file model39.cif (mmCIF, C-alpha atoms and all ligand atoms)
data_input
#
loop_
_atom_site.label_atom_id
_atom_site.label_comp_id
_atom_site.auth_asym_id
_atom_site.auth_seq_id
_atom_site.Cartn_x
_atom_site.Cartn_y
_atom_site.Cartn_z
CA MET A 1 207.43 186.92 -34.31
CA ASP A 2 206.52 184.80 -37.37
CA VAL A 3 202.83 184.06 -37.72
CA ALA A 4 201.65 181.51 -40.28
CA VAL A 5 198.18 182.54 -41.42
CA VAL A 6 196.40 179.64 -43.13
CA GLY A 7 193.75 180.90 -45.56
CA ALA A 8 193.57 184.03 -47.71
CA GLY A 9 189.86 184.72 -47.29
CA ILE A 10 188.59 188.02 -45.99
CA GLY A 11 189.52 187.02 -42.43
CA GLY A 12 193.02 185.74 -43.17
CA LEU A 13 193.98 188.72 -45.33
CA ALA A 14 192.63 191.22 -42.78
CA ALA A 15 194.49 189.39 -40.00
CA ALA A 16 197.74 189.51 -41.98
CA LEU A 17 197.35 193.29 -42.38
CA ALA A 18 196.50 193.82 -38.70
CA LEU A 19 199.38 191.58 -37.54
CA ALA A 20 201.90 193.36 -39.78
CA GLU A 21 200.64 196.71 -38.48
CA ALA A 22 201.19 195.47 -34.91
CA GLY A 23 204.81 194.55 -35.66
CA PHE A 24 204.52 190.82 -36.40
CA ALA A 25 205.79 188.98 -39.46
CA PRO A 26 202.73 187.23 -40.94
CA ARG A 27 202.93 184.87 -43.89
CA VAL A 28 199.74 183.85 -45.65
CA LEU A 29 199.36 180.28 -46.92
CA GLU A 30 196.48 179.70 -49.31
CA ALA A 31 195.46 176.40 -50.86
CA ARG A 32 193.91 177.83 -54.03
CA ASP A 33 195.58 179.76 -56.85
CA LEU A 34 193.33 182.85 -56.35
CA ALA A 35 193.29 183.59 -60.07
CA GLY A 36 189.57 183.72 -60.73
CA GLU A 37 188.20 184.89 -57.37
CA THR A 38 184.45 184.45 -57.50
CA GLY A 39 181.49 185.28 -55.32
CA ALA A 40 178.54 187.61 -55.41
CA GLY A 41 177.78 190.53 -53.12
CA ILE A 42 178.43 191.03 -49.45
CA GLN A 43 177.10 193.49 -46.92
CA LEU A 44 179.47 195.20 -44.52
CA SER A 45 177.93 196.82 -41.48
CA PRO A 46 179.73 199.59 -39.53
CA ASN A 47 181.29 197.15 -37.02
CA GLY A 48 183.21 195.49 -39.87
CA VAL A 49 183.78 198.69 -41.85
CA ARG A 50 185.55 200.26 -38.86
CA VAL A 51 188.20 197.53 -39.00
CA LEU A 52 188.77 198.08 -42.73
CA HIS A 53 189.15 201.81 -42.04
CA ALA A 54 191.63 201.12 -39.26
CA LEU A 55 193.61 198.93 -41.66
CA GLY A 56 194.05 201.95 -43.94
CA LEU A 57 191.47 200.89 -46.52
CA ARG A 58 188.98 203.75 -46.11
CA GLU A 59 189.39 205.24 -49.59
CA GLY A 60 189.66 201.88 -51.32
CA LEU A 61 186.48 200.70 -49.65
CA ALA A 62 184.60 203.90 -50.47
CA ALA A 63 185.59 203.39 -54.13
CA ILE A 64 184.09 199.89 -54.33
CA GLY A 65 181.21 200.18 -51.86
CA HIS A 66 177.59 201.13 -52.38
CA ARG A 67 175.95 202.93 -49.45
CA PRO A 68 172.33 201.76 -49.14
CA GLU A 69 169.90 204.31 -47.74
CA ALA A 70 167.77 201.83 -45.80
CA ILE A 71 166.80 198.23 -45.18
CA GLN A 72 163.24 197.33 -46.08
CA LEU A 73 161.27 194.21 -45.24
CA ARG A 74 158.45 193.35 -47.65
CA ASP A 75 155.79 190.68 -47.85
CA ALA A 76 156.76 188.19 -50.53
CA ARG A 77 153.33 187.83 -52.13
CA SER A 78 151.69 191.24 -51.85
CA GLY A 79 154.84 193.37 -51.86
CA ARG A 80 153.48 195.28 -48.83
CA LEU A 81 156.14 197.18 -46.89
CA ILE A 82 156.39 195.48 -43.49
CA ALA A 83 159.10 197.61 -41.91
CA PHE A 84 162.14 199.72 -42.70
CA ARG A 85 165.27 200.87 -40.95
CA PRO A 86 167.31 203.82 -42.16
CA LEU A 87 170.98 203.23 -43.01
CA GLY A 88 172.96 205.76 -45.07
CA ARG A 89 173.54 208.97 -43.17
CA SER A 90 171.61 207.68 -40.12
CA SER A 91 173.99 204.75 -39.83
CA GLU A 92 177.03 206.99 -40.16
CA GLU A 93 175.74 209.43 -37.57
CA ARG A 94 174.78 206.71 -35.15
CA TYR A 95 177.79 204.42 -35.53
CA GLY A 96 180.52 206.65 -36.96
CA ALA A 97 181.02 204.44 -40.02
CA PRO A 98 179.03 203.71 -43.18
CA TYR A 99 177.15 200.58 -44.15
CA TYR A 100 178.44 199.25 -47.49
CA ASP A 101 177.39 196.69 -50.06
CA VAL A 102 180.29 195.43 -52.18
CA HIS A 103 181.19 192.82 -54.75
CA ARG A 104 182.97 190.12 -52.77
CA PRO A 105 185.76 189.80 -55.38
CA ALA A 106 186.35 193.59 -55.19
CA LEU A 107 186.72 193.39 -51.40
CA PHE A 108 189.02 190.41 -51.79
CA HIS A 109 191.21 192.31 -54.28
CA LEU A 110 191.33 195.36 -52.04
CA LEU A 111 192.66 193.25 -49.16
CA ARG A 112 194.97 191.13 -51.29
CA ASP A 113 196.51 194.18 -53.00
CA ALA A 114 197.15 195.77 -49.59
CA VAL A 115 198.83 192.56 -48.38
CA VAL A 116 201.07 192.47 -51.45
CA GLU A 117 201.85 196.23 -51.31
CA ARG A 118 202.87 195.95 -47.68
CA GLY A 119 205.32 193.19 -48.54
CA ILE A 120 203.52 190.42 -46.65
CA PRO A 121 204.36 187.03 -48.18
CA LEU A 122 201.30 185.37 -49.73
CA GLU A 123 201.81 181.85 -51.04
CA THR A 124 199.21 180.15 -53.17
CA GLY A 125 198.98 176.41 -53.77
CA ALA A 126 199.99 176.00 -50.10
CA ARG A 127 197.42 173.61 -48.66
CA CYS A 128 197.77 173.04 -44.93
CA THR A 129 197.32 169.40 -43.97
CA GLY A 130 197.92 169.73 -40.22
CA PHE A 131 200.46 170.96 -37.67
CA GLU A 132 202.61 169.91 -34.72
CA GLU A 133 202.85 172.23 -31.78
CA HIS A 134 206.01 172.49 -29.65
CA ALA A 135 206.85 174.51 -26.57
CA ASP A 136 208.51 177.23 -28.64
CA GLY A 137 206.72 177.08 -31.98
CA VAL A 138 204.57 175.28 -34.51
CA ARG A 139 205.54 173.13 -37.48
CA VAL A 140 202.91 173.69 -40.15
CA GLN A 141 202.42 170.75 -42.50
CA LEU A 142 201.67 171.67 -46.08
CA ALA A 143 200.89 169.41 -49.00
CA THR A 144 204.24 170.62 -50.41
CA GLY A 145 206.46 170.45 -47.29
CA THR A 146 206.67 172.00 -43.82
CA LEU A 147 207.12 175.47 -42.43
CA ASP A 148 208.07 176.62 -38.91
CA ALA A 149 206.43 179.59 -37.21
CA ALA A 150 206.09 180.96 -33.70
CA LEU A 151 202.30 181.08 -34.04
CA LEU A 152 199.67 179.55 -36.31
CA LEU A 153 196.38 181.21 -37.19
CA GLY A 154 193.74 179.02 -38.83
CA ALA A 155 191.69 181.33 -41.07
CA ASP A 156 190.84 178.45 -43.37
CA GLY A 157 187.07 178.65 -43.42
CA ILE A 158 184.24 176.40 -42.35
CA HIS A 159 186.05 173.12 -43.12
CA SER A 160 189.22 174.30 -41.39
CA ARG A 161 192.03 171.78 -41.26
CA VAL A 162 193.64 173.78 -38.47
CA ARG A 163 190.45 173.51 -36.39
CA GLU A 164 190.24 169.81 -37.08
CA THR A 165 193.87 169.25 -36.00
CA LEU A 166 193.36 171.40 -32.90
CA LEU A 167 189.99 170.09 -31.75
CA GLY A 168 189.33 166.87 -33.67
CA ALA A 169 187.15 166.11 -36.67
CA ASP A 170 183.50 167.03 -36.59
CA ASP A 171 181.23 167.94 -39.44
CA ALA A 172 179.56 171.30 -39.87
CA ARG A 173 175.78 170.94 -39.60
CA PHE A 174 173.50 171.48 -42.55
CA THR A 175 170.92 174.10 -41.59
CA GLY A 176 168.21 172.90 -43.99
CA ASN A 177 168.60 176.07 -46.09
CA VAL A 178 169.97 176.50 -49.59
CA ALA A 179 171.02 179.94 -50.85
CA TYR A 180 170.90 180.88 -54.53
CA ARG A 181 173.22 183.78 -55.30
CA ALA A 182 173.41 185.87 -58.44
CA VAL A 183 174.51 189.29 -59.65
CA VAL A 184 172.32 190.88 -62.34
CA PRO A 185 172.82 194.13 -64.28
CA ALA A 186 170.70 196.89 -62.73
CA ASP A 187 169.10 197.73 -66.09
CA ALA A 188 167.66 194.20 -66.24
CA VAL A 189 165.92 194.69 -62.88
CA PRO A 190 162.26 195.85 -62.79
CA ALA A 191 162.13 199.62 -62.32
CA SER A 192 160.13 199.29 -59.08
CA LEU A 193 163.02 197.34 -57.50
CA ARG A 194 165.82 199.64 -58.68
CA ARG A 195 166.26 201.60 -55.48
CA PRO A 196 169.35 202.30 -53.36
CA VAL A 197 168.12 200.12 -50.50
CA VAL A 198 168.56 196.60 -49.18
CA THR A 199 165.23 194.80 -49.61
CA ALA A 200 164.37 191.52 -47.91
CA TRP A 201 161.16 189.80 -49.07
CA LEU A 202 159.76 187.42 -46.50
CA GLY A 203 157.63 184.35 -47.19
CA PRO A 204 156.93 181.05 -45.48
CA ALA A 205 160.08 178.88 -45.48
CA ARG A 206 161.88 181.25 -47.88
CA HIS A 207 163.21 184.75 -48.20
CA LEU A 208 164.96 186.80 -50.84
CA VAL A 209 167.31 189.75 -50.43
CA HIS A 210 168.51 192.14 -53.13
CA TYR A 211 170.62 195.27 -53.09
CA PRO A 212 172.70 197.38 -55.50
CA LEU A 213 176.46 196.85 -55.55
CA GLY A 214 179.43 199.10 -56.18
CA ASP A 215 178.45 202.05 -58.38
CA GLY A 216 174.88 200.73 -58.58
CA GLY A 217 175.37 199.10 -61.98
CA ASP A 218 174.74 195.63 -60.55
CA VAL A 219 172.21 194.13 -58.18
CA ASN A 220 173.05 191.28 -55.83
CA VAL A 221 170.35 188.66 -55.30
CA VAL A 222 170.36 186.07 -52.51
CA ALA A 223 167.35 183.77 -52.38
CA VAL A 224 167.13 181.31 -49.51
CA VAL A 225 164.90 178.26 -49.60
CA GLU A 226 164.37 175.61 -46.97
CA ARG A 227 165.11 172.28 -48.60
CA ASP A 228 166.83 169.10 -47.62
CA ASP A 229 168.06 167.62 -50.87
CA TRP A 230 171.19 169.65 -51.64
CA ARG A 231 174.15 169.86 -49.26
CA GLU A 232 177.12 171.18 -51.20
CA GLU A 233 178.93 174.43 -50.32
CA SER A 234 180.68 175.87 -53.32
CA TRP A 235 181.01 179.13 -55.21
CA THR A 236 180.91 177.13 -58.42
CA ALA A 237 177.83 174.90 -58.09
CA ALA A 238 175.40 176.26 -60.66
CA ALA A 239 171.62 175.89 -60.54
CA THR A 240 169.33 176.47 -63.48
CA PRO A 241 167.24 179.66 -63.76
CA ALA A 242 164.19 177.35 -64.00
CA GLU A 243 164.98 175.79 -60.60
CA LEU A 244 165.17 179.25 -59.05
CA ALA A 245 162.03 180.50 -60.79
CA ASP A 246 160.16 177.42 -59.66
CA ALA A 247 161.10 177.94 -56.00
CA PHE A 248 159.50 181.42 -56.10
CA ARG A 249 156.70 180.87 -58.60
CA ASP A 250 153.93 182.15 -56.32
CA TRP A 251 155.77 185.33 -55.27
CA HIS A 252 155.20 188.96 -56.23
CA PRO A 253 155.39 189.56 -60.04
CA ALA A 254 158.24 192.11 -59.68
CA LEU A 255 160.32 189.46 -57.94
CA ARG A 256 159.58 186.88 -60.57
CA GLU A 257 160.69 189.45 -63.15
CA LEU A 258 163.88 189.99 -61.17
CA LEU A 259 164.56 186.26 -61.08
CA ALA A 260 163.89 185.99 -64.80
CA ALA A 261 166.91 188.31 -65.30
CA VAL A 262 169.23 185.83 -63.56
CA ASP A 263 171.47 183.95 -66.02
CA THR A 264 173.30 181.59 -63.69
CA PRO A 265 172.28 181.26 -60.07
CA TRP A 266 174.97 179.75 -57.84
CA LYS A 267 173.69 177.32 -55.28
CA TRP A 268 175.14 177.12 -51.77
CA ALA A 269 173.92 174.81 -48.98
CA LEU A 270 174.11 176.76 -45.73
CA HIS A 271 176.01 175.12 -42.88
CA ASP A 272 177.00 176.35 -39.45
CA ARG A 273 178.32 174.98 -36.19
CA PRO A 274 177.32 175.43 -32.61
CA PRO A 275 179.82 177.60 -30.69
CA LEU A 276 183.09 175.72 -30.09
CA PRO A 277 184.27 175.08 -26.53
CA ARG A 278 187.66 176.68 -27.29
CA TRP A 279 189.56 178.20 -30.18
CA SER A 280 193.15 178.21 -29.02
CA SER A 281 196.11 176.33 -27.60
CA ASP A 282 199.40 177.96 -26.57
CA ARG A 283 200.52 178.70 -30.11
CA VAL A 284 197.56 178.05 -32.37
CA THR A 285 194.27 179.87 -32.74
CA LEU A 286 191.38 180.27 -35.17
CA LEU A 287 189.43 183.09 -36.76
CA GLY A 288 186.32 183.68 -38.88
CA ASP A 289 184.37 180.77 -40.34
CA ALA A 290 187.05 178.36 -39.07
CA CYS A 291 185.70 178.83 -35.54
CA HIS A 292 182.24 180.40 -35.80
CA PRO A 293 180.53 179.69 -39.13
CA MET A 294 177.04 181.15 -39.15
CA VAL A 295 174.01 181.44 -41.38
CA PRO A 296 174.13 184.71 -43.37
CA PHE A 297 170.76 186.07 -42.16
CA LEU A 298 172.37 188.91 -40.22
CA ALA A 299 175.05 189.42 -42.92
CA GLN A 300 177.80 189.11 -40.34
CA GLY A 301 180.19 186.26 -41.24
CA ALA A 302 182.81 188.47 -42.86
CA CYS A 303 182.26 191.27 -40.36
CA MET A 304 182.94 188.89 -37.46
CA ALA A 305 186.13 187.69 -39.19
CA LEU A 306 187.22 191.34 -39.51
CA GLU A 307 186.54 191.99 -35.83
CA ASP A 308 188.47 188.82 -34.91
CA ALA A 309 191.43 189.93 -37.02
CA TRP A 310 191.72 193.26 -35.28
CA ALA A 311 191.20 191.84 -31.79
CA LEU A 312 193.81 189.13 -32.26
CA ALA A 313 196.53 191.50 -33.47
CA ARG A 314 195.88 193.99 -30.68
CA LEU A 315 195.81 191.40 -27.91
CA LEU A 316 198.97 189.73 -29.20
CA GLU A 317 200.71 193.08 -29.19
CA ASP A 318 200.49 193.05 -25.39
CA ARG A 319 201.81 189.53 -25.19
CA ASP A 320 204.64 188.05 -23.22
CA GLU A 321 207.08 187.28 -26.06
CA ASP A 322 207.79 183.75 -24.87
CA ALA A 323 204.26 182.79 -23.89
CA PRO A 324 201.67 184.03 -26.41
CA GLY A 325 199.17 181.51 -25.01
CA ALA A 326 197.88 184.03 -22.46
CA ALA A 327 197.10 186.52 -25.24
CA LEU A 328 195.40 183.80 -27.28
CA ASP A 329 193.32 182.94 -24.26
CA ARG A 330 192.30 186.59 -23.84
CA TYR A 331 191.42 186.65 -27.53
CA GLN A 332 189.04 183.69 -27.30
CA ARG A 333 187.53 184.98 -24.06
CA LEU A 334 186.76 188.31 -25.72
CA ARG A 335 185.54 186.94 -29.04
CA ARG A 336 183.70 183.72 -28.17
CA PRO A 337 180.69 185.25 -26.38
CA ARG A 338 180.15 187.87 -29.07
CA THR A 339 180.42 185.51 -32.02
CA ALA A 340 178.29 182.89 -30.25
CA ARG A 341 175.57 185.49 -29.81
CA VAL A 342 175.75 186.46 -33.48
CA GLN A 343 175.57 182.77 -34.49
CA ARG A 344 172.45 182.34 -32.32
CA GLU A 345 170.78 185.53 -33.43
CA ALA A 346 171.45 184.78 -37.10
CA ARG A 347 169.64 181.46 -36.76
CA ALA A 348 166.76 183.15 -34.94
CA GLN A 349 166.54 185.76 -37.69
CA GLY A 350 166.14 182.96 -40.24
CA GLU A 351 163.32 181.42 -38.22
CA ARG A 352 161.60 184.81 -37.96
CA PHE A 353 162.01 185.46 -41.67
CA HIS A 354 160.69 182.00 -42.62
CA GLU A 355 157.76 181.84 -40.22
CA ARG A 356 155.15 179.45 -41.63
CA ALA A 357 152.20 180.05 -39.31
CA ARG A 358 149.95 182.81 -40.64
CA LEU A 359 149.06 184.27 -37.25
CA LYS A 360 152.67 184.37 -36.14
CA ARG A 361 153.60 186.09 -39.40
CA LEU A 362 150.93 188.72 -38.79
CA ALA A 363 152.19 189.29 -35.25
CA ARG A 364 155.77 189.57 -36.51
CA ASP A 365 154.80 192.07 -39.21
CA LEU A 366 152.75 194.12 -36.79
CA GLU A 367 155.53 194.31 -34.25
CA LEU A 368 158.22 195.19 -36.79
CA GLY A 369 155.96 197.60 -38.69
CA LEU A 370 154.73 199.49 -35.65
CA GLY A 371 158.25 199.62 -34.30
CA SER A 372 159.74 201.15 -37.41
CA ARG A 373 156.88 203.65 -37.90
CA LEU A 374 156.09 204.72 -34.34
CA ALA A 375 159.46 204.28 -32.69
CA PRO A 376 162.14 204.38 -35.41
CA GLU A 377 164.76 205.24 -32.82
CA LEU A 378 163.97 202.04 -30.90
CA ALA A 379 163.92 200.00 -34.12
CA MET A 380 167.44 201.18 -34.88
CA ALA A 381 168.58 200.64 -31.30
CA ARG A 382 167.77 196.93 -31.64
CA TYR A 383 170.93 196.66 -33.75
CA ASP A 384 173.24 198.75 -31.58
CA TRP A 385 174.78 195.67 -29.95
CA LEU A 386 175.74 194.43 -33.41
CA HIS A 387 176.55 197.42 -35.59
CA GLY A 388 177.64 199.72 -32.76
CA TYR A 389 180.32 197.35 -31.49
CA ASP A 390 183.67 199.10 -31.92
CA VAL A 391 186.51 196.62 -31.61
CA VAL A 392 188.99 199.29 -32.73
CA ALA A 393 188.07 201.74 -29.96
CA ARG A 394 187.91 198.94 -27.39
CA LEU A 395 191.37 197.63 -28.06
CA GLY A 396 193.06 200.67 -29.60
P1 LIG A 401 186.72 181.96 -46.10
O1 LIG A 401 186.23 183.12 -46.87
O2 LIG A 401 186.04 180.65 -46.30
O3 LIG A 401 188.27 181.79 -46.47
C1 LIG A 401 189.00 180.65 -46.11
C2 LIG A 401 190.21 180.56 -47.03
O4 LIG A 401 191.02 179.48 -46.58
C3 LIG A 401 189.83 180.25 -48.48
O5 LIG A 401 190.53 181.13 -49.34
C4 LIG A 401 190.24 178.80 -48.66
O6 LIG A 401 190.65 178.49 -49.99
C5 LIG A 401 191.42 178.70 -47.70
N1 LIG A 401 191.67 177.35 -47.22
C6 LIG A 401 190.75 176.42 -46.83
N2 LIG A 401 191.38 175.30 -46.41
C7 LIG A 401 192.71 175.53 -46.53
C8 LIG A 401 193.87 174.77 -46.22
N3 LIG A 401 193.77 173.53 -45.72
N4 LIG A 401 195.09 175.29 -46.45
C9 LIG A 401 195.22 176.56 -46.96
N5 LIG A 401 194.14 177.34 -47.26
C10 LIG A 401 192.92 176.84 -47.04
N6 LIG A 401 179.15 187.86 -44.47
C11 LIG A 401 179.00 189.19 -44.25
O7 LIG A 401 179.70 189.79 -43.41
N7 LIG A 401 178.04 189.88 -44.95
C12 LIG A 401 177.22 189.28 -45.87
O8 LIG A 401 176.39 189.95 -46.50
C13 LIG A 401 177.37 187.88 -46.10
N8 LIG A 401 176.56 187.24 -46.98
C14 LIG A 401 176.71 185.90 -47.17
C15 LIG A 401 175.82 185.23 -48.02
C16 LIG A 401 175.93 183.86 -48.19
C17 LIG A 401 174.93 183.15 -49.08
C18 LIG A 401 176.98 183.15 -47.56
C19 LIG A 401 177.14 181.67 -47.78
C20 LIG A 401 177.87 183.81 -46.70
C21 LIG A 401 177.73 185.18 -46.48
N9 LIG A 401 178.56 185.88 -45.60
C22 LIG A 401 178.39 187.19 -45.37
C23 LIG A 401 179.59 185.14 -44.84
C24 LIG A 401 180.97 185.37 -45.34
O9 LIG A 401 181.08 185.16 -46.74
C25 LIG A 401 181.95 184.44 -44.60
O10 LIG A 401 181.59 184.36 -43.24
C26 LIG A 401 183.34 184.99 -44.68
O11 LIG A 401 183.73 185.13 -46.02
C27 LIG A 401 184.31 184.06 -43.94
O12 LIG A 401 185.62 184.50 -44.16
P2 LIG A 401 186.84 183.60 -43.71
O13 LIG A 401 188.06 184.37 -44.13
O14 LIG A 401 186.70 183.20 -42.29
O15 LIG A 401 186.71 182.24 -44.54
#
call {"tool": "encode", "arguments": {"input": "model39.cif", "output": "structure tokens", "more": "lines below"}}
Ligand code: FAD
result
Amino acid sequence: MDVAVVGAGIGGLAAALALAEAGFAPRVLEARDLAGETGAGIQLSPNGVRVLHALGLREGLAAIGHRPEAIQLRDARSGRLIAFRPLGRSSEERYGAPYYDVHRPALFHLLRDAVVERGIPLETGARCTGFEEHADGVRVQLATGTLDAALLLGADGIHSRVRETLLGADDARFTGNVAYRAVVPADAVPASLRRPVVTAWLGPARHLVHYPLGDGGDVNVVAVVERDDWREESWTAAATPAELADAFRDWHPALRELLAAVDTPWKWALHDRPPLPRWSSDRVTLLGDACHPMVPFLAQGACMALEDAWALARLLEDRDEDAPGAALDRYQRLRRPRTARVQREARAQGERFHERARLKRLARDLELGLGSRLAPELAMARYDWLHGYDVVARLG
């Protein structure tokens, strides 16, 4: 069965691999030319890593991934440790897969190379403009012509044309947060921050996360600020170092030193959508940011796309050849509740991180701090629903 996969992001490439593995004939259609793939760092928790392992990318991922030992939360002004949660070996023992931090372009290349090596067609410059669905197939409209397929998967990101054609136009909502992203060489980072951990610094209406990438030679920095005057989403919108420094001018000196090492911060207005009422018709479905864009405060957007990819391929494998609609329906019934919960919880995490009221911040810090010191097991268990989810074991 031919499957047209629109979008060669992390979700689309992973779906193409999973579909090929399940005996389908995917073909990836990407609007861009993919020459200079950009992007900063990305965190991959065990629920997403398991899918990459199942796709045969275990060694490749280990070669590009950095395994952080823990996640720490710190107070933005004083630097006080609020709470910590072990990752590293604890995560592997608990969830059976590591937690990795990777350069996004390295992950993209790993997936793209696997797609090419496995002989899956990948066309660039192929912008999808819409589709027409028939009883026995889909005609995909491209800026350059048309293409017929038995199934269409829209993996075309937050502004998905496939979603728009399927469900009608509606804008993603601006969340009131702007993320500044940068990668800095580790030797330019203050010594006190050069540790193999993910650190999130929390302050009113802002937070900042940094972690080492790859072999530890680089550090990824994501600084999120609540502001209403910038709404563009782009990997190529540059801010000035002065703008970034100004947003964090009253923060801990080590952080200001870290930000002083940033050459070019990239600026990204964070958008999401409320959960969609449906994702699929009889021959068309969606995946990843196309159907459940979320704020990155749980670091789960790519991981959810990976889970989707695996679930879709497995559920389609059990399909009735002539009526894949039932499998697509099972897919959305399985995936919608989980991704809707992650969307909700990611927003809530942002609100917790950005708490403005002093007393509420104290209560938050006390609860998280006592939890991680007195009941570390319970503190870890809070994330079992997220990181312990095993889509591979569930669906085989
Ligand atoms: P995309 O990566 O957006 O890919 C869509 C692809 O479709 C693109 O290649 C695009 O060019 C193509 N396309 C678009 N329209 C068309 C068309 N009409 N025709 C053909 N092709 C088209 N996630 C994590 O798991 N961990 C993290 O730590 C993390 N950190 C993040 C930090 C920030 C600041 C942000 C903004 C996001 C973060 N995410 C993280 C989220 C993650 O990057 C995304 O959720 C994930 O990349 C979505 O993948 P996708 O394949 O669904 O979409």
call {"tool": "residues_near_ligand", "arguments": {"input": "model39.cif", "ligand": "ligand LIG 401 (chain A)", "cutoff": "6 Å", "atoms": "all atoms listed in the file", "output": "JSON, numbers by chain"}}
result
{"A": [6, 7, 8, 9, 10, 11, 12, 29, 30, 31, 32, 42, 43, 44, 126, 127, 128, 129, 155, 156, 157, 160, 161, 179, 288, 289, 290, 296, 299, 300, 301, 302, 303, 305]}
call {"tool": "write_last_selection", "arguments": {"input": "model39.cif", "atoms": "C-alpha atoms", "output": "mmCIF file, in the frame of the given file"}}
result
data_model
loop_
_atom_site.group_PDB
_atom_site.id
_atom_site.type_symbol
_atom_site.label_atom_id
_atom_site.label_comp_id
_atom_site.auth_asym_id
_atom_site.auth_seq_id
_atom_site.Cartn_x
_atom_site.Cartn_y
_atom_site.Cartn_z
ATOM 1 C CA VAL A 6 196.400 179.640 -43.130
ATOM 2 C CA GLY A 7 193.750 180.900 -45.560
ATOM 3 C CA ALA A 8 193.570 184.030 -47.710
ATOM 4 C CA GLY A 9 189.860 184.720 -47.290
ATOM 5 C CA ILE A 10 188.590 188.020 -45.990
ATOM 6 C CA GLY A 11 189.520 187.020 -42.430
ATOM 7 C CA GLY A 12 193.020 185.740 -43.170
ATOM 8 C CA LEU A 29 199.360 180.280 -46.920
ATOM 9 C CA GLU A 30 196.480 179.700 -49.310
ATOM 10 C CA ALA A 31 195.460 176.400 -50.860
ATOM 11 C CA ARG A 32 193.910 177.830 -54.030
ATOM 12 C CA ILE A 42 178.430 191.030 -49.450
ATOM 13 C CA GLN A 43 177.100 193.490 -46.920
ATOM 14 C CA LEU A 44 179.470 195.200 -44.520
ATOM 15 C CA ALA A 126 199.990 176.000 -50.100
ATOM 16 C CA ARG A 127 197.420 173.610 -48.660
ATOM 17 C CA CYS A 128 197.770 173.040 -44.930
ATOM 18 C CA THR A 129 197.320 169.400 -43.970
ATOM 19 C CA ALA A 155 191.690 181.330 -41.070
ATOM 20 C CA ASP A 156 190.840 178.450 -43.370
ATOM 21 C CA GLY A 157 187.070 178.650 -43.420
ATOM 22 C CA SER A 160 189.220 174.300 -41.390
ATOM 23 C CA ARG A 161 192.030 171.780 -41.260
ATOM 24 C CA ALA A 179 171.020 179.940 -50.850
ATOM 25 C CA GLY A 288 186.320 183.680 -38.880
ATOM 26 C CA ASP A 289 184.370 180.770 -40.340
ATOM 27 C CA ALA A 290 187.050 178.360 -39.070
ATOM 28 C CA PRO A 296 174.130 184.710 -43.370
ATOM 29 C CA ALA A 299 175.050 189.420 -42.920
ATOM 30 C CA GLN A 300 177.800 189.110 -40.340
ATOM 31 C CA GLY A 301 180.190 186.260 -41.240
ATOM 32 C CA ALA A 302 182.810 188.470 -42.860
ATOM 33 C CA CYS A 303 182.260 191.270 -40.360
ATOM 34 C CA ALA A 305 186.130 187.690 -39.190
#
call {"tool": "closest_atom_pairs", "arguments": {"input": "model39.cif", "of": "stretch 336-359 of chain A", "to": "stretch 258-277 of chain A", "cutoff": "12 Å", "atoms": "all atoms listed in the file", "output": "tab-separated table"}}
result
residue	atom	partner	partner_atom	distance
A:Arg336	CA	A:Pro275	CA	7.7
A:Pro337	CA	A:Pro275	CA	8.8
A:Arg338	CA	A:Pro275	CA	10.4
A:Thr339	CA	A:Pro275	CA	8.0
A:Ala340	CA	A:Pro275	CA	5.5
A:Arg341	CA	A:Pro275	CA	9.0
A:Val342	CA	A:Pro275	CA	10.1
A:Gln343	CA	A:Pro275	CA	7.7
A:Arg344	CA	A:Pro274	CA	8.5
A:Ala346	CA	A:Asp272	CA	10.4
A:Arg347	CA	A:Asp272	CA	9.4
A:Gly350	CA	A:Leu270	CA	11.5
call {"tool": "residues_around", "arguments": {"input": "model39.cif", "residues": "A:Arg364", "least_positions_apart": "3", "cutoff": "12 Å", "atoms": "all atoms listed in the file", "output": "ChimeraX atom specification"}}
result
/A:73,75,82-83,202,349,351-361,367-371
call {"tool": "residues_near_point", "arguments": {"input": "model39.cif", "point": "(203.3, 177.2, -28.1)", "cutoff": "9 Å", "atoms": "all atoms listed in the file", "output": "PyMOL selection string"}}
result
chain A and resi 133-138+150-151+281-284+322-325
call {"tool": "residues_around", "arguments": {"input": "model39.cif", "residues": "A:His103", "least_positions_apart": "3", "cutoff": "8 Å", "atoms": "only C-alpha atoms", "output": "PDB file with C-alpha atoms, in the frame of the given file"}}
result
ATOM      1  CA  GLY A  39     181.490 185.280 -55.320  1.00  0.00           C
ATOM      2  CA  ALA A  40     178.540 187.610 -55.410  1.00  0.00           C
ATOM      3  CA  GLY A  41     177.780 190.530 -53.120  1.00  0.00           C
ATOM      4  CA  ILE A  42     178.430 191.030 -49.450  1.00  0.00           C
ATOM      5  CA  ILE A  64     184.090 199.890 -54.330  1.00  0.00           C
ATOM      6  CA  GLY A  65     181.210 200.180 -51.860  1.00  0.00           C
ATOM      7  CA  ALA A 106     186.350 193.590 -55.190  1.00  0.00           C
ATOM      8  CA  LEU A 107     186.720 193.390 -51.400  1.00  0.00           C
ATOM      9  CA  LEU A 213     176.460 196.850 -55.550  1.00  0.00           C
ATOM     10  CA  GLY A 214     179.430 199.100 -56.180  1.00  0.00           C
TER      11      GLY A 214
END
call {"tool": "atom_distance", "arguments": {"input": "model39.cif", "atom1": "atom CA of A:Val224", "atom2": "atom CA of A:Arg104"}}
result
18.4 Å
call {"tool": "atom_distance", "arguments": {"input": "model39.cif", "atom1": "atom CA of A:Arg118", "atom2": "atom CA of A:Asn47"}}
result
24.1 Å
